[in-house]
>>> print(open('upload24.cif').read())   # mmCIF, C-alpha atoms
data_final
loop_
_atom_site.group_PDB
_atom_site.id
_atom_site.type_symbol
_atom_site.label_atom_id
_atom_site.label_comp_id
_atom_site.auth_asym_id
_atom_site.auth_seq_id
_atom_site.Cartn_x
_atom_site.Cartn_y
_atom_site.Cartn_z
ATOM 1 C CA MET P 30 -27.248 27.076 13.296
ATOM 2 C CA LYS P 31 -26.322 23.884 15.051
ATOM 3 C CA ILE P 32 -25.425 24.207 18.688
ATOM 4 C CA GLY P 33 -23.595 21.479 20.605
ATOM 5 C CA VAL P 34 -24.042 21.365 24.373
ATOM 6 C CA ILE P 35 -21.421 19.208 26.069
ATOM 7 C CA VAL P 36 -22.716 17.033 28.884
ATOM 8 C CA PHE P 37 -20.207 15.983 31.518
ATOM 9 C CA PRO P 38 -21.089 13.722 34.430
ATOM 10 C CA GLY P 39 -22.360 16.334 36.895
ATOM 11 C CA SER P 40 -23.381 19.021 34.397
ATOM 12 C CA ASN P 41 -26.725 20.448 35.479
ATOM 13 C CA CYS P 42 -27.310 23.519 33.313
ATOM 14 C CA ASP P 43 -27.073 21.593 30.047
ATOM 15 C CA ASP P 44 -30.825 21.297 29.629
ATOM 16 C CA ASP P 45 -31.328 25.010 30.316
ATOM 17 C CA CYS P 46 -28.868 25.777 27.504
ATOM 18 C CA ARG P 47 -30.699 23.375 25.193
ATOM 19 C CA HIS P 48 -34.014 25.005 26.086
ATOM 20 C CA ILE P 49 -32.813 28.530 25.330
ATOM 21 C CA PHE P 50 -31.145 27.703 22.031
ATOM 22 C CA LYS P 51 -33.870 25.335 20.834
ATOM 23 C CA ASP P 52 -37.186 26.449 22.311
ATOM 24 C CA VAL P 53 -36.520 30.167 22.734
ATOM 25 C CA LEU P 54 -34.188 30.890 19.828
ATOM 26 C CA GLY P 55 -35.327 28.172 17.408
ATOM 27 C CA GLN P 56 -31.917 26.650 16.734
ATOM 28 C CA SER P 57 -30.963 23.043 16.253
ATOM 29 C CA VAL P 58 -29.285 21.626 19.364
ATOM 30 C CA GLU P 59 -27.305 18.471 19.900
ATOM 31 C CA MET P 60 -26.485 17.206 23.379
ATOM 32 C CA ILE P 61 -22.970 15.806 23.347
ATOM 33 C CA TRP P 62 -21.914 13.251 25.931
ATOM 34 C CA HIS P 63 -18.365 13.839 27.100
ATOM 35 C CA LYS P 64 -17.183 10.581 25.529
ATOM 36 C CA GLU P 65 -18.242 11.685 22.052
ATOM 37 C CA THR P 66 -15.570 11.447 19.373
ATOM 38 C CA SER P 67 -16.867 13.888 16.767
ATOM 39 C CA LEU P 68 -18.081 17.478 16.752
ATOM 40 C CA ALA P 69 -18.685 17.535 13.001
ATOM 41 C CA GLY P 70 -21.350 19.886 11.721
ATOM 42 C CA LEU P 71 -21.559 22.074 14.812
ATOM 43 C CA ASP P 72 -21.361 25.869 14.705
ATOM 44 C CA VAL P 73 -21.149 26.517 18.453
ATOM 45 C CA ILE P 74 -19.994 24.521 21.458
ATOM 46 C CA VAL P 75 -21.410 25.300 24.879
ATOM 47 C CA LEU P 76 -19.774 24.061 28.073
ATOM 48 C CA PRO P 77 -22.628 24.340 30.561
ATOM 49 C CA GLY P 78 -22.658 24.980 34.291
ATOM 50 C CA GLY P 79 -22.820 22.316 36.954
ATOM 51 C CA PHE P 80 -20.447 20.269 39.016
ATOM 52 C CA SER P 81 -18.556 18.181 36.490
ATOM 53 C CA TYR P 82 -16.965 15.173 38.184
ATOM 54 C CA GLY P 83 -18.285 16.463 41.496
ATOM 55 C CA ASP P 84 -15.788 19.347 41.405
ATOM 56 C CA TYR P 85 -13.322 16.883 42.916
ATOM 57 C CA LEU P 86 -9.758 18.136 43.315
ATOM 58 C CA ARG P 87 -10.557 21.525 41.716
ATOM 59 C CA THR P 88 -13.488 22.787 39.667
ATOM 60 C CA GLY P 89 -12.963 21.682 36.073
ATOM 61 C CA ALA P 90 -9.711 19.860 36.852
ATOM 62 C CA ILE P 91 -10.937 16.417 35.824
ATOM 63 C CA ALA P 92 -13.360 17.528 33.113
ATOM 64 C CA LYS P 93 -10.469 18.980 31.145
ATOM 65 C CA PHE P 94 -9.298 15.410 30.464
ATOM 66 C CA SER P 95 -12.678 14.259 29.181
ATOM 67 C CA PRO P 96 -12.328 12.684 25.733
ATOM 68 C CA VAL P 97 -14.441 15.404 24.126
ATOM 69 C CA MET P 98 -12.212 18.221 25.402
ATOM 70 C CA GLY P 99 -9.489 17.415 22.865
ATOM 71 C CA LEU P 100 -12.088 17.964 20.152
ATOM 72 C CA VAL P 101 -13.318 21.171 21.783
ATOM 73 C CA LYS P 102 -9.742 22.497 21.742
ATOM 74 C CA GLU P 103 -9.409 21.613 18.058
ATOM 75 C CA PHE P 104 -12.779 23.214 17.377
ATOM 76 C CA ALA P 105 -11.617 26.443 19.056
ATOM 77 C CA LYS P 106 -8.255 26.343 17.319
ATOM 78 C CA VAL P 107 -9.890 26.497 13.887
ATOM 79 C CA GLY P 108 -12.052 29.414 14.978
ATOM 80 C CA GLY P 109 -15.128 27.609 16.326
ATOM 81 C CA MET P 110 -17.204 29.575 18.798
ATOM 82 C CA VAL P 111 -17.068 28.213 22.356
ATOM 83 C CA LEU P 112 -19.088 29.525 25.288
ATOM 84 C CA GLY P 113 -18.317 28.337 28.817
ATOM 85 C CA VAL P 114 -20.757 29.280 31.563
ATOM 86 C CA CYS P 115 -19.866 28.934 35.246
ATOM 87 C CA ASN P 116 -18.429 25.413 35.535
ATOM 88 C CA GLY P 117 -17.873 25.639 31.775
ATOM 89 C CA PHE P 118 -15.718 28.733 32.367
ATOM 90 C CA GLN P 119 -13.809 26.886 35.085
ATOM 91 C CA ILE P 120 -13.174 24.007 32.669
ATOM 92 C CA LEU P 121 -11.923 26.411 29.969
ATOM 93 C CA LEU P 122 -9.445 27.846 32.492
ATOM 94 C CA GLU P 123 -8.238 24.436 33.639
ATOM 95 C CA ALA P 124 -7.891 23.326 30.031
ATOM 96 C CA GLY P 125 -5.725 26.365 29.290
ATOM 97 C CA MET P 126 -8.172 27.651 26.671
ATOM 98 C CA LEU P 127 -8.508 30.880 28.641
ATOM 99 C CA PRO P 128 -5.845 32.500 30.850
ATOM 100 C CA GLY P 129 -5.932 32.514 34.655
ATOM 101 C CA ALA P 130 -7.484 30.329 37.337
ATOM 102 C CA MET P 131 -10.402 30.242 39.748
ATOM 103 C CA LEU P 132 -10.078 30.436 43.509
ATOM 104 C CA ARG P 133 -12.653 29.860 46.231
ATOM 105 C CA ASN P 134 -14.963 32.849 46.770
ATOM 106 C CA LYS P 135 -13.412 35.290 49.205
ATOM 107 C CA SER P 136 -16.413 34.907 51.556
ATOM 108 C CA LEU P 137 -16.177 31.079 51.287
ATOM 109 C CA HIS P 138 -19.917 31.083 50.584
ATOM 110 C CA PHE P 139 -21.747 29.633 47.640
ATOM 111 C CA ILE P 140 -23.373 32.776 46.227
ATOM 112 C CA CYS P 141 -26.613 32.524 44.301
ATOM 113 C CA LYS P 142 -28.114 35.890 43.342
ATOM 114 C CA ASP P 143 -28.888 38.321 40.547
ATOM 115 C CA LEU P 144 -26.137 40.874 40.069
ATOM 116 C CA PRO P 145 -25.457 43.875 37.846
ATOM 117 C CA VAL P 146 -22.737 43.070 35.326
ATOM 118 C CA LYS P 147 -21.153 45.617 33.016
ATOM 119 C CA VAL P 148 -20.365 44.903 29.374
ATOM 120 C CA GLU P 149 -16.785 46.164 29.166
ATOM 121 C CA ASN P 150 -16.306 45.070 25.591
ATOM 122 C CA ALA P 151 -19.369 45.100 23.343
ATOM 123 C CA ALA P 152 -17.317 44.463 20.222
ATOM 124 C CA THR P 153 -17.038 40.693 20.712
ATOM 125 C CA ALA P 154 -18.950 37.920 18.963
ATOM 126 C CA PHE P 155 -20.685 37.240 22.290
ATOM 127 C CA THR P 156 -21.676 40.796 23.230
ATOM 128 C CA SER P 157 -22.307 42.634 19.953
ATOM 129 C CA ALA P 158 -26.038 42.951 20.696
ATOM 130 C CA CYS P 159 -25.202 44.915 23.875
ATOM 131 C CA GLN P 160 -24.387 48.588 24.126
ATOM 132 C CA PRO P 161 -20.849 49.439 25.255
ATOM 133 C CA GLY P 162 -20.943 49.788 29.037
ATOM 134 C CA GLN P 163 -24.464 48.371 29.251
ATOM 135 C CA VAL P 164 -25.374 47.001 32.679
ATOM 136 C CA LEU P 165 -27.013 43.579 32.494
ATOM 137 C CA THR P 166 -28.693 41.838 35.394
ATOM 138 C CA LEU P 167 -27.440 38.261 35.470
ATOM 139 C CA PRO P 168 -27.597 35.533 38.104
ATOM 140 C CA ILE P 169 -24.461 33.968 39.530
ATOM 141 C CA ALA P 170 -24.431 30.634 41.373
ATOM 142 C CA HIS P 171 -20.981 29.481 42.402
ATOM 143 C CA ALA P 172 -18.505 28.881 45.198
ATOM 144 C CA ASP P 173 -15.386 29.204 43.047
ATOM 145 C CA GLY P 174 -15.684 32.378 41.004
ATOM 146 C CA ASN P 175 -12.805 34.335 42.434
ATOM 147 C CA TYR P 176 -10.859 34.904 39.226
ATOM 148 C CA TYR P 177 -7.093 35.223 39.385
ATOM 149 C CA ALA P 178 -4.419 35.923 36.813
ATOM 150 C CA ASP P 179 -0.830 37.009 37.376
ATOM 151 C CA PRO P 180 -0.077 40.712 36.739
ATOM 152 C CA VAL P 181 1.625 40.108 33.369
ATOM 153 C CA THR P 182 -1.293 38.038 32.078
ATOM 154 C CA LEU P 183 -3.799 40.563 33.376
ATOM 155 C CA ALA P 184 -1.993 43.464 31.697
ATOM 156 C CA ALA P 185 -1.969 41.597 28.386
ATOM 157 C CA MET P 186 -5.680 40.815 28.723
ATOM 158 C CA GLN P 187 -6.437 44.438 29.457
ATOM 159 C CA ALA P 188 -4.373 45.603 26.489
ATOM 160 C CA ASN P 189 -6.296 43.199 24.218
ATOM 161 C CA ALA P 190 -9.708 44.144 25.672
ATOM 162 C CA GLN P 191 -10.190 40.519 26.725
ATOM 163 C CA ILE P 192 -12.053 41.436 29.900
ATOM 164 C CA VAL P 193 -15.612 41.388 28.627
ATOM 165 C CA LEU P 194 -17.782 41.434 31.764
ATOM 166 C CA ARG P 195 -17.228 42.946 35.194
ATOM 167 C CA TYR P 196 -19.392 42.984 38.316
ATOM 168 C CA CYS P 197 -20.568 46.532 38.989
ATOM 169 C CA THR P 198 -23.049 48.646 40.909
ATOM 170 C CA PRO P 199 -26.554 49.028 39.425
ATOM 171 C CA GLU P 200 -25.291 52.361 38.022
ATOM 172 C CA GLY P 201 -22.430 50.618 36.245
ATOM 173 C CA LYS P 202 -19.580 51.558 38.546
ATOM 174 C CA VAL P 203 -16.915 48.889 38.859
ATOM 175 C CA MET P 204 -15.798 49.067 42.479
ATOM 176 C CA PRO P 205 -14.831 46.703 45.312
ATOM 177 C CA GLU P 206 -18.280 47.070 46.940
ATOM 178 C CA ALA P 207 -19.843 45.510 43.836
ATOM 179 C CA ASN P 208 -17.494 42.533 43.846
ATOM 180 C CA PRO P 209 -19.359 39.410 45.047
ATOM 181 C CA ASN P 210 -16.512 36.919 45.226
ATOM 182 C CA GLY P 211 -13.128 38.668 45.390
ATOM 183 C CA SER P 212 -12.550 38.283 41.660
ATOM 184 C CA LEU P 213 -9.564 40.236 40.377
ATOM 185 C CA GLY P 214 -10.718 43.577 38.954
ATOM 186 C CA ASN P 215 -14.359 42.452 39.423
ATOM 187 C CA ILE P 216 -13.904 40.140 36.429
ATOM 188 C CA ALA P 217 -17.032 38.152 35.573
ATOM 189 C CA GLY P 218 -16.196 37.098 32.019
ATOM 190 C CA ILE P 219 -13.196 36.988 29.686
ATOM 191 C CA ILE P 220 -12.496 36.128 26.074
ATOM 192 C CA ASN P 221 -9.431 34.579 24.442
ATOM 193 C CA ALA P 222 -7.097 36.672 22.298
ATOM 194 C CA ALA P 223 -8.572 35.243 19.090
ATOM 195 C CA GLY P 224 -12.059 36.287 20.189
ATOM 196 C CA ASN P 225 -13.863 32.966 19.729
ATOM 197 C CA VAL P 226 -13.824 31.508 23.269
ATOM 198 C CA LEU P 227 -15.746 33.240 26.061
ATOM 199 C CA GLY P 228 -15.942 32.175 29.685
ATOM 200 C CA MET P 229 -18.383 33.810 32.085
ATOM 201 C CA MET P 230 -19.447 33.041 35.643
ATOM 202 C CA PRO P 231 -22.979 34.532 35.420
ATOM 203 C CA HIS P 232 -25.664 32.323 33.861
ATOM 204 C CA PRO P 233 -27.242 33.969 30.784
ATOM 205 C CA GLU P 234 -29.319 30.825 30.149
ATOM 206 C CA ARG P 235 -31.180 31.410 33.423
ATOM 207 C CA CYS P 236 -32.454 34.823 32.325
ATOM 208 C CA ALA P 237 -33.133 34.661 28.610
ATOM 209 C CA GLU P 238 -36.918 34.758 28.386
ATOM 210 C CA THR P 239 -39.474 37.239 29.636
ATOM 211 C CA VAL P 240 -41.495 34.590 31.477
ATOM 212 C CA LEU P 241 -38.587 34.382 33.911
ATOM 213 C CA GLY P 242 -38.832 38.105 34.602
ATOM 214 C CA ASN P 243 -35.514 38.943 33.019
ATOM 215 C CA ASP P 244 -34.218 38.329 29.521
ATOM 216 C CA ASP P 245 -30.909 40.191 29.669
ATOM 217 C CA GLY P 246 -29.089 36.917 29.086
ATOM 218 C CA LYS P 247 -30.679 36.657 25.676
ATOM 219 C CA LEU P 248 -28.363 39.439 24.471
ATOM 220 C CA ILE P 249 -25.420 37.055 24.793
ATOM 221 C CA PHE P 250 -27.128 34.349 22.723
ATOM 222 C CA ARG P 251 -28.472 36.820 20.155
ATOM 223 C CA SER P 252 -24.954 38.233 19.756
ATOM 224 C CA MET P 253 -23.577 34.757 19.139
ATOM 225 C CA LEU P 254 -26.176 33.857 16.532
ATOM 226 C CA GLU P 255 -25.804 37.201 14.763
ATOM 227 C CA SER P 256 -22.011 36.855 14.674
ATOM 228 C CA LEU P 257 -22.350 33.379 13.221
ATOM 229 C CA ARG P 258 -24.733 34.584 10.534
ATOM 230 C CA GLN P 259 -22.269 37.270 9.542
ATOM 231 C CA SER P 260 -19.242 35.009 9.419
ATOM 232 C CA LYS P 261 -19.085 33.442 5.987
ATOM 233 C CA LYS P 262 -16.140 31.176 6.562
ATOM 234 C CA PRO P 263 -17.119 27.555 7.200
ATOM 235 C CA LEU P 264 -15.076 25.743 9.827
ATOM 236 C CA GLN P 265 -12.496 23.285 8.589
ATOM 237 C CA MET P 266 -12.186 20.597 11.204
ATOM 238 C CA ALA P 267 -9.161 18.371 10.908
ATOM 239 C CA PRO P 268 -10.191 14.753 10.371
ATOM 240 C CA VAL P 269 -10.094 12.787 13.620
ATOM 241 C CA MET K 15 6.296 3.187 46.520
ATOM 242 C CA LYS K 16 4.061 5.744 48.124
ATOM 243 C CA ALA K 17 4.024 9.455 47.312
ATOM 244 C CA LYS K 18 2.849 11.866 49.972
ATOM 245 C CA ILE K 19 1.825 14.963 48.062
ATOM 246 C CA TYR K 20 1.083 18.408 49.483
ATOM 247 C CA VAL K 21 -0.649 21.043 47.355
ATOM 248 C CA THR K 22 -1.029 24.572 48.696
ATOM 249 C CA LEU K 23 -1.873 27.971 47.296
ATOM 250 C CA LYS K 24 1.185 29.964 46.317
ATOM 251 C CA GLN K 25 2.428 32.676 48.645
ATOM 252 C CA GLY K 26 0.696 35.915 47.773
ATOM 253 C CA ILE K 27 -2.491 34.204 46.585
ATOM 254 C CA LEU K 28 -5.394 34.923 48.901
ATOM 255 C CA ASP K 29 -6.363 31.830 50.885
ATOM 256 C CA PRO K 30 -9.883 32.504 52.238
ATOM 257 C CA GLN K 31 -10.049 29.201 54.123
ATOM 258 C CA GLY K 32 -6.705 29.869 55.784
ATOM 259 C CA LYS K 33 -7.917 33.350 56.782
ATOM 260 C CA ALA K 34 -11.138 31.946 58.277
ATOM 261 C CA ILE K 35 -9.216 29.388 60.318
ATOM 262 C CA GLU K 36 -6.714 32.045 61.380
ATOM 263 C CA HIS K 37 -9.571 34.186 62.717
ATOM 264 C CA ALA K 38 -11.233 31.212 64.405
ATOM 265 C CA LEU K 39 -8.027 30.261 66.195
ATOM 266 C CA GLY K 40 -7.601 33.854 67.302
ATOM 267 C CA SER K 41 -11.123 33.990 68.701
ATOM 268 C CA LEU K 42 -10.472 30.739 70.591
ATOM 269 C CA GLY K 43 -7.688 32.476 72.443
ATOM 270 C CA PHE K 44 -4.693 31.244 70.451
ATOM 271 C CA ASN K 45 -3.114 34.653 70.370
ATOM 272 C CA ASN K 46 0.223 33.405 69.138
ATOM 273 C CA VAL K 47 -1.120 32.207 65.781
ATOM 274 C CA GLY K 48 0.394 33.752 62.656
ATOM 275 C CA HIS K 49 -0.728 33.108 59.099
ATOM 276 C CA VAL K 50 -2.631 29.880 58.355
ATOM 277 C CA ARG K 51 -2.539 28.272 54.922
ATOM 278 C CA VAL K 52 -4.903 25.479 53.931
ATOM 279 C CA GLY K 53 -3.881 22.894 51.371
ATOM 280 C CA LYS K 54 -4.517 19.377 50.184
ATOM 281 C CA TYR K 55 -2.727 16.214 51.187
ATOM 282 C CA MET K 56 -2.804 13.176 48.931
ATOM 283 C CA GLU K 57 -1.275 9.724 49.184
ATOM 284 C CA VAL K 58 -0.652 8.082 45.856
ATOM 285 C CA GLU K 59 0.665 4.556 45.494
ATOM 286 C CA VAL K 60 3.032 4.279 42.561
ATOM 287 C CA ASN K 61 3.835 0.826 41.238
ATOM 288 C CA GLU K 62 7.515 1.545 40.888
ATOM 289 C CA THR K 63 10.561 0.496 42.881
ATOM 290 C CA ASP K 64 13.031 2.868 41.235
ATOM 291 C CA LYS K 65 12.882 6.169 43.125
ATOM 292 C CA THR K 66 14.125 8.218 40.165
ATOM 293 C CA LYS K 67 11.388 6.822 37.919
ATOM 294 C CA ALA K 68 8.762 7.328 40.607
ATOM 295 C CA ASP K 69 9.936 10.914 41.006
ATOM 296 C CA VAL K 70 9.456 11.599 37.294
ATOM 297 C CA THR K 71 5.980 10.070 37.400
ATOM 298 C CA VAL K 72 4.826 11.942 40.503
ATOM 299 C CA LYS K 73 6.170 15.260 39.239
ATOM 300 C CA ALA K 74 4.279 14.742 35.967
ATOM 301 C CA MET K 75 1.017 13.938 37.762
ATOM 302 C CA CYS K 76 1.384 17.034 39.930
ATOM 303 C CA GLU K 77 1.996 19.247 36.892
ATOM 304 C CA LYS K 78 -0.787 17.710 34.809
ATOM 305 C CA LEU K 79 -3.556 17.237 37.326
ATOM 306 C CA LEU K 80 -2.927 17.419 41.047
ATOM 307 C CA ALA K 81 -1.911 21.092 41.186
ATOM 308 C CA ASN K 82 -2.955 24.084 39.129
ATOM 309 C CA THR K 83 0.438 25.736 38.947
ATOM 310 C CA ILE K 84 -1.072 29.125 38.118
ATOM 311 C CA VAL K 85 -2.223 29.442 41.716
ATOM 312 C CA GLU K 86 -0.847 26.401 43.551
ATOM 313 C CA GLU K 87 2.513 24.902 44.424
ATOM 314 C CA TYR K 88 3.268 21.319 45.345
ATOM 315 C CA ARG K 89 5.868 19.225 47.096
ATOM 316 C CA TYR K 90 6.058 15.514 47.800
ATOM 317 C CA GLU K 91 7.913 12.809 49.603
ATOM 318 C CA LEU K 92 8.522 9.336 48.225
ATOM 319 C CA GLN K 93 8.599 6.393 50.591
#
>>> encode(input="upload24.cif", output="structure tokens")
Amino acid sequence: MKIGVIVFPGSNCDDDCRHIFKDVLGQSVEMIWHKETSLAGLDVIVLPGGFSYGDYLRTGAIAKFSPVMGLVKEFAKVGGMVLGVCNGFQILLEAGMLPGAMLRNKSLHFICKDLPVKVENAATAFTSACQPGQVLTLPIAHADGNYYADPVTLAAMQANAQIVLRYCTPEGKVMPEANPNGSLGNIAGIINAAGNVLGMMPHPERCAETVLGNDDGKLIFRSMLESLRQSKKPLQMAPV
Amino acid sequence: MKAKIYVTLKQGILDPQGKAIEHALGSLGFNNVGHVRVGKYMEVEVNETDKTKADVTVKAMCEKLLANTIVEEYRYELQ
């Protein structure tokens, strides 16, 4: 599989993503500068965490206009698999590739800690290696992870099982006490209706090898690679 | 022409910064303080003398970039 990791000015988790896909999972990885004009030959696009464009104005607000984002949208439109982690999730929201928006954490603090996260939907291309309802331990590191969507959008997402990850107690209970940032319904990760674009605030790339003491994040990457292996249909990118 | 643009969170959207300031003012003894909302203020120079044209331009920049209309609202003055 060929994985493309987009690098925006201010991305800082791009190399971690490269390391996991290449060194841990043995895949071919291409780092893609945000001014790139082709995504040909790639099976997966990763929008990594960081502070693209210094988070000026709003997180992800300027990155969404990066030249490469038009290609990422096209890539997703034809069924390409896109994973956005943390700032990558924020960019996907700003770009309109996922519904809703991010607000400042309710506590106003930048929160950096390991948290239990429940797999609400294990039938996605990003979570198929997890058990339904499995509780993963994943680190978050953000100041703007307070997810919001209007009630109509939220109801539609719930009906389509688009809420994939929720913050929970270590026992797997989704309750306000387990909510680190004020996120609506404890939402930590969502998928688009077509099922090929996932955004998540926790960082799976920071916990995907045993040497780090936790490899729960590997389940996300293993799911993605397995789903790709099973999908026979090659992507047809429109010529640019 | 200069646009003075104000972007604030929509009513009903939790504004944690506004809440923090509200509490701080209260603890300083300003007991007559109601809700506080925090927003952004931007001055944008628009190379345009026609107010109608400038209005179209500024509205477009607010919709496209300056505000996220899912959670924010904007208003502006042209001078």
>>> interface_residues(input="upload24.cif", of="chain P", to="chain K", cutoff="8 Å", atoms="all atoms listed in the file", output="PyMOL selection string")
chain P and resi 86+90-91+123+129-130+133-137+177-179
>>> resolve_selection(input="upload24.cif", expression="the PyMOL selection byres ((chain K and resi 50-53) around 6)", output="list in words")
Val21, Thr22, Gly32, Glu36, His49 and Lys54 of chain K
>>> resolve_selection(input="upload24.cif", expression="the PyMOL selection byres ((chain P and resi 36-53) around 8)", output="short mmCIF file (atom, residue, chain, number, x, y, z; two decimals) with C-alpha atoms, in the frame of the given file")
data_model
loop_
_atom_site.label_atom_id
_atom_site.label_comp_id
_atom_site.auth_asym_id
_atom_site.auth_seq_id
_atom_site.Cartn_x
_atom_site.Cartn_y
_atom_site.Cartn_z
CA ILE P 32 -25.42 24.21 18.69
CA VAL P 34 -24.04 21.36 24.37
CA ILE P 35 -21.42 19.21 26.07
CA LEU P 54 -34.19 30.89 19.83
CA GLY P 55 -35.33 28.17 17.41
CA GLN P 56 -31.92 26.65 16.73
CA SER P 57 -30.96 23.04 16.25
CA VAL P 58 -29.28 21.63 19.36
CA GLU P 59 -27.30 18.47 19.90
CA MET P 60 -26.48 17.21 23.38
CA ILE P 61 -22.97 15.81 23.35
CA TRP P 62 -21.91 13.25 25.93
CA HIS P 63 -18.36 13.84 27.10
CA VAL P 75 -21.41 25.30 24.88
CA LEU P 76 -19.77 24.06 28.07
CA PRO P 77 -22.63 24.34 30.56
CA GLY P 78 -22.66 24.98 34.29
CA GLY P 79 -22.82 22.32 36.95
CA PHE P 80 -20.45 20.27 39.02
CA SER P 81 -18.56 18.18 36.49
CA TYR P 82 -16.96 15.17 38.18
CA GLY P 83 -18.28 16.46 41.50
CA ALA P 92 -13.36 17.53 33.11
CA GLU P 234 -29.32 30.82 30.15
CA ARG P 235 -31.18 31.41 33.42
CA ALA P 237 -33.13 34.66 28.61
CA GLU P 238 -36.92 34.76 28.39
CA PHE P 250 -27.13 34.35 22.72
#
>>> residues_around(input="upload24.cif", residues="segment 61-71 of chain K", least_positions_apart="3", cutoff="12 Å", atoms="only C-alpha atoms", output="ChimeraX atom specification")
/K:15-19,58,74-79,89-93
>>> resolve_selection(input="upload24.cif", expression="the PyMOL selection byres ((chain P and resi 255) around 12)", output="compact mmCIF listing (two decimals) with C-alpha atoms, keeping the file's coordinate frame")
# COMPACT_ATOMS: atom_id res chain seq x y z
CA MET P 30 -27.25 27.08 13.30
CA LEU P 54 -34.19 30.89 19.83
CA THR P 153 -17.04 40.69 20.71
CA ALA P 154 -18.95 37.92 18.96
CA PHE P 155 -20.68 37.24 22.29
CA THR P 156 -21.68 40.80 23.23
CA SER P 157 -22.31 42.63 19.95
CA ALA P 158 -26.04 42.95 20.70
CA CYS P 159 -25.20 44.92 23.88
CA LYS P 247 -30.68 36.66 25.68
CA LEU P 248 -28.36 39.44 24.47
CA ILE P 249 -25.42 37.06 24.79
CA PHE P 250 -27.13 34.35 22.72
CA ARG P 251 -28.47 36.82 20.16
CA SER P 252 -24.95 38.23 19.76
CA MET P 253 -23.58 34.76 19.14
CA LEU P 254 -26.18 33.86 16.53
CA SER P 256 -22.01 36.85 14.67
CA LEU P 257 -22.35 33.38 13.22
CA ARG P 258 -24.73 34.58 10.53
CA GLN P 259 -22.27 37.27 9.54
CA SER P 260 -19.24 35.01 9.42
CA LYS P 261 -19.08 33.44 5.99
>>> atom_distance(input="upload24.cif", atom1="atom CA of Ser95 of chain P", atom2="atom CA of Gly109 of chain P")
18.7 Å
>>> atom_distance(input="upload24.cif", atom1="atom CA of Met204 of chain P", atom2="atom CA of Ala151 of chain P")
19.9 Å
>>> atom_distance(input="upload24.cif", atom1="atom CA of Tyr85 of chain P", atom2="atom CA of Tyr196 of chain P")
27.2 Å
>>> residues_near_point(input="upload24.cif", point="(-14.6, 24.3, 34.5)", cutoff="8 Å", atoms="all atoms listed in the file", output="MDAnalysis selection string")
chainID P and resid 81 88:90 92:93 113 115:123
